[in-house]
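J.: Pasting a structure below so you can have a look.
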Amino acid sequence: MTETTLAGDAAVIEADVREGTYGAKIATIEPGGAEYIPLSERHGKPLQQFWTWVSPNMEFATIFVGVIGVWFFGQSFWMATLAVVLGTALGSVSMGMLAARGPLFGVPQMVLSRIGFGWVGNILPAGVNALVAGVGWFAVNSVSGAFALNALLGWNTKLCLLIIVLVQLAVAFFGHNLVHAFERWAFPVLVVVFLIASVVIFGKSQPGAHVAGVPGGWLITFGAAFGYAAGWNPYASDYTRYLPKDTNRRATGLWAGLGVFISCVVLEVVGAAAATVTDATKYANNPTAGFVSHLPTGIADATLLAIALGAICANALNVYSGSMSFLALGVKLPLTLRRAIVAIVFGVAGFFLALSGLSDAGTRYNNFLLVIAYWIGPWLGVVFADQFLRRGKRVDGFLFDRKHRPWAGFTAMAVAIGVSIWLFANQTDYKGVLPKHYPALGDLTFEVGFALAALLYALFFRLQGESKIQEQLVIPGETAAVAG
């Protein structure tokens, strides 16, 4: 129950604290849901963020970002590489900035989102992320893992998909500590295998190969690279909230951002290199097999296993954070294992969506990447604008204040999404007003969405009189308020 009193010019809100004892145990099911993590339960070091974000990107879904730049958007190897580096850098910087706040506030990313969006308005970003992470991304990565097992073992793709899904759900069901441990265990295996495969691929690639350009193709590739890296942004503090409160924030953000940047850039550039020597028409139905077709048998088999393992690493995070986002909606489930149960529900839904994605995977994946950027850009615009406008203020009380219901965040994000998609979207299924007439514009949806949301929020923030409002969070048995 939220209790409100007044301390000076700031309201005081009592936190919802995660129940149970969990600590650093790996083989124990994480209790609770999206509540505040008490200081007695905090553990870990900033360095663990590096492998936590490298391992889930060591998979074919990452490689395919580089592949589509060449195959679908007509970019040369070098132009695709430039788009990948710049797009990934942008998504990695925002990742680091968000992850750095986890130890300070001790809550999941979509609970942090309540500061700018409020208890009710946060339904928009948290609801979208629950579906995109827990179902959408889960389906995408399950498909790439299933293709890898199919190419390796020759088994039916549906059976391969079921195997991948069951392992992913087992890891996510146990929760935070096992997810971190699994990423750490997989890290050396994935890095070694993919480095060997990368050397072979680069040796056979043709970076100077001529390709037929597509109008606006570079900007679309740039958007896809940003979308993939930024796709992790709504999860950022989910995996830093257990760190001790006095953890170095700069180190936390740096390791998280570097983990995303290095892993994505390396494998996406490898994907672009592979695309220069791979027949798109021959391997359209199973692009994973096309990638390993250039590798010696032993290395190819090891790479396929690594791709399957990487998919599991990615989806352990996806389904875990999907369940966090769902619970951040404010849904009250009277179950100690509510997070674990919600994770299973999302995993089952993702499995059935993945079944429909086993055909025409390339086009579906390209469209999905762009949709990710479409909503994350405006959400980031609101989050960072709010963080700037509330700098130096006590904001932690907003995390659990059910009466905090501003309209600025929801409205700015919704308007920015609608306007940017209507004017600038450039997909197979829909082209915005401007790309129809000016194809060279490519796809500027996320850039426009981010800027428009930030500007609108700054205006609405002042109109609703939020600039002087502060709220302090109180945790039973703990002290100290948190400033924005």
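Please note that chains go A, B, ... in the order of the structure tokens, that every chain numbers its residues from 1, and that ligands are numbered from 1 in the order shown.
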From region 79-267 of chain A, collect each residue whose DSSP state is helix (DSSP H, G or I) and return the set as an NGL selection string.
T.: :A and (79-99 or 102-105 or 109-112 or 114-121 or 123-153 or 157-174 or 176-204 or 217-230 or 233-239 or 249-267)
J.: At most 12 Å is the cut-off: for each residue in region 414-454 of chain A with any atom that close to an atom of region 104-124 of chain A, write down the nearest atom pair and the distance in Å rounded to one decimal, counting only C-alpha atoms, chain first then increasing number, as CSV.
T.:
residue,atom,partner,partner_atom,distance
A:Ala414,CA,A:Leu124,CA,8.2
A:Ile417,CA,A:Leu124,CA,11.3
A:Ala454,CA,A:Gly116,CA,11.4
J.: Write the residues of the preceding selection, restricted to C-alpha atoms, as a PDB file, in the first residue's frame.
T.:
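New file part-v1.pdb:
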ATOM      1  CA  ALA A 414       1.851   8.680 -28.871  1.00  0.00           C
ATOM      2  CA  ILE A 417       4.946   7.663 -33.006  1.00  0.00           C
ATOM      3  CA  ALA A 454      11.561  15.170 -26.736  1.00  0.00           C
TER       4      ALA A 454
END
J.: Report, in Å with one decimal, the straight-line distance from CA of Arg390 (chain A) to CA of Asn248 (chain A).
T.: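 It comes out at 21.5 Å.
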J.: Need the shell around Phe450 (chain A): protein/DNA/RNA residues with any atom at most 12 Å away, counting only C-alpha atoms. Skip same-chain ones fewer than 3 positions apart. Format as an mmCIF file with C-alpha atoms, in the first residue's frame?
T.:
data_model
loop_
_atom_site.group_PDB
_atom_site.id
_atom_site.type_symbol
_atom_site.label_atom_id
_atom_site.label_comp_id
_atom_site.auth_asym_id
_atom_site.auth_seq_id
_atom_site.Cartn_x
_atom_site.Cartn_y
_atom_site.Cartn_z
ATOM 1 C CA ALA A 373 13.077 1.626 -33.744
ATOM 2 C CA TYR A 374 9.698 3.221 -34.391
ATOM 3 C CA TRP A 375 8.520 3.015 -30.776
ATOM 4 C CA ILE A 376 11.846 3.051 -28.920
ATOM 5 C CA GLY A 377 12.925 6.359 -30.493
ATOM 6 C CA PRO A 378 9.940 8.322 -29.103
ATOM 7 C CA TRP A 379 10.150 6.504 -25.753
ATOM 8 C CA LEU A 380 13.813 7.452 -25.412
ATOM 9 C CA GLY A 381 12.961 11.037 -26.369
ATOM 10 C CA VAL A 382 10.544 11.283 -23.448
ATOM 11 C CA VAL A 383 12.830 9.454 -20.982
ATOM 12 C CA PHE A 384 15.912 11.580 -21.668
ATOM 13 C CA ALA A 385 13.965 14.849 -21.870
ATOM 14 C CA ALA A 412 4.289 13.143 -26.482
ATOM 15 C CA MET A 413 5.187 9.523 -27.218
ATOM 16 C CA ALA A 414 1.851 8.680 -28.871
ATOM 17 C CA VAL A 415 1.859 11.778 -31.088
ATOM 18 C CA ALA A 416 5.521 11.303 -32.058
ATOM 19 C CA ILE A 417 4.946 7.663 -33.006
ATOM 20 C CA VAL A 419 3.365 11.466 -36.928
ATOM 21 C CA SER A 420 6.785 9.935 -37.581
ATOM 22 C CA ILE A 421 5.335 6.680 -38.953
ATOM 23 C CA LEU A 444 13.903 8.607 -40.809
ATOM 24 C CA THR A 445 11.095 7.454 -38.515
ATOM 25 C CA PHE A 446 13.118 6.843 -35.359
ATOM 26 C CA GLU A 447 15.181 10.044 -35.704
ATOM 27 C CA ALA A 453 8.822 13.314 -28.620
ATOM 28 C CA ALA A 454 11.561 15.170 -26.736
ATOM 29 C CA LEU A 455 10.369 18.586 -27.957
ATOM 30 C CA LEU A 456 6.705 17.847 -27.287
ATOM 31 C CA TYR A 457 7.475 16.510 -23.834
#
J.: Name the residues in contact with Met79 (chain A) at a cut-off of 8 Å, using only C-alpha atoms, excluding same-chain residues fewer than 4 positions from it; report them as a ChimeraX atom specification.
T.: /A:75,83,218
J.: Write out as a VMD selection string the residues lying within 6 Å of Ala34 (chain A), counting only C-alpha atoms and excluding same-chain residues fewer than 3 positions away.
T.: chain A and resid 324 327 to 328
J.: What lies within 7 Å of Trp255 (chain A) using only C-alpha atoms, ignoring chain neighbours under 3 positions off, as a list in words?
T.: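 Residues meeting the cut-off are Pro46, Leu47, Gln49, Phe50, Ala251, Thr252, Leu258 and Gly259 of chain A.
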J.: Create the file for the chosen residues now, containing N, CA and C atoms and written as a CSV table (one decimal), in the first residue's frame.
T.:
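Listed below is the output, out-v2.csv:
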chain,number,residue,atom,x,y,z
A,46,PRO,N,30.0,-4.2,-11.7
A,46,PRO,CA,29.7,-3.7,-13.1
A,46,PRO,C,30.2,-4.5,-14.2
A,47,LEU,N,31.4,-5.2,-14.1
A,47,LEU,CA,32.0,-5.9,-15.1
A,47,LEU,C,31.0,-7.0,-15.7
A,49,GLN,N,28.2,-6.8,-16.5
A,49,GLN,CA,27.3,-6.3,-17.6
A,49,GLN,C,27.9,-6.6,-18.9
A,50,PHE,N,29.2,-6.7,-19.0
A,50,PHE,CA,29.9,-6.9,-20.3
A,50,PHE,C,29.4,-8.2,-20.9
A,251,ALA,N,31.0,3.1,-14.5
A,251,ALA,CA,31.5,1.8,-14.9
A,251,ALA,C,30.3,0.9,-15.3
A,252,THR,N,29.2,1.0,-14.6
A,252,THR,CA,28.0,0.2,-14.9
A,252,THR,C,27.6,0.5,-16.3
A,258,LEU,N,29.4,-1.1,-23.8
A,258,LEU,CA,30.5,-1.7,-24.6
A,258,LEU,C,30.1,-3.2,-25.0
A,259,GLY,N,29.4,-3.8,-24.1
A,259,GLY,CA,28.9,-5.2,-24.4
A,259,GLY,C,28.0,-5.2,-25.6
J.: Write out as number ranges by chain which residues come within 10 Å of Ile164 (chain A) when counting only C-alpha atoms, dropping same-chain ones fewer than 4 positions away.
T.: A: 141-146, 149, 158-160, 168-169, 308-309, 311-312, 315, 351
J.: Smallest atom-to-atom distance to Thr297 (chain A): which of A:Leu152, A:Gly409, A:Arg249, A:Ala89, using only C-alpha atoms?
T.: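 The closest residue to Thr297 (chain A) is A:Leu152.
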J.: Between A:Glu466, A:Asp386, A:Glu471, A:Glu41, which one has atoms that come closest to Phe398 (chain A), using only C-alpha atoms?
T.: A:Glu471
J.: Rounded to one decimal place, report the CA of Gly271 (chain A)-CA of Phe424 (chain A) distance in Å.
T.: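 About the pair CA of Gly271 (chain A) and CA of Phe424 (chain A): they are 26.9 Å apart.
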J.: Point out the residue among A:Lys431, A:His180, A:Arg462, A:Lys204 with the least atom-to-atom distance to Pro406 (chain A), counting only C-alpha atoms.
T.: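 Closest candidate: A:Arg462.
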J.: Tell me which of A:Ser198, A:Tyr438, A:Val331, A:Gln470 sits closest to Ala126 (chain A), counting only C-alpha atoms.
T.: A:Val331
J.: Between A:Asp429, A:Phe460, A:Val395, A:Phe326, which has the minimum distance to Ala130 (chain A) (counting only C-alpha atoms)?
T.: A:Phe326
J.: Pick from A:Asp396, A:Glu35, A:Glu59, A:Asp443: nearest to Ala148 (chain A), with only C-alpha atoms counted?
T.: A:Glu59
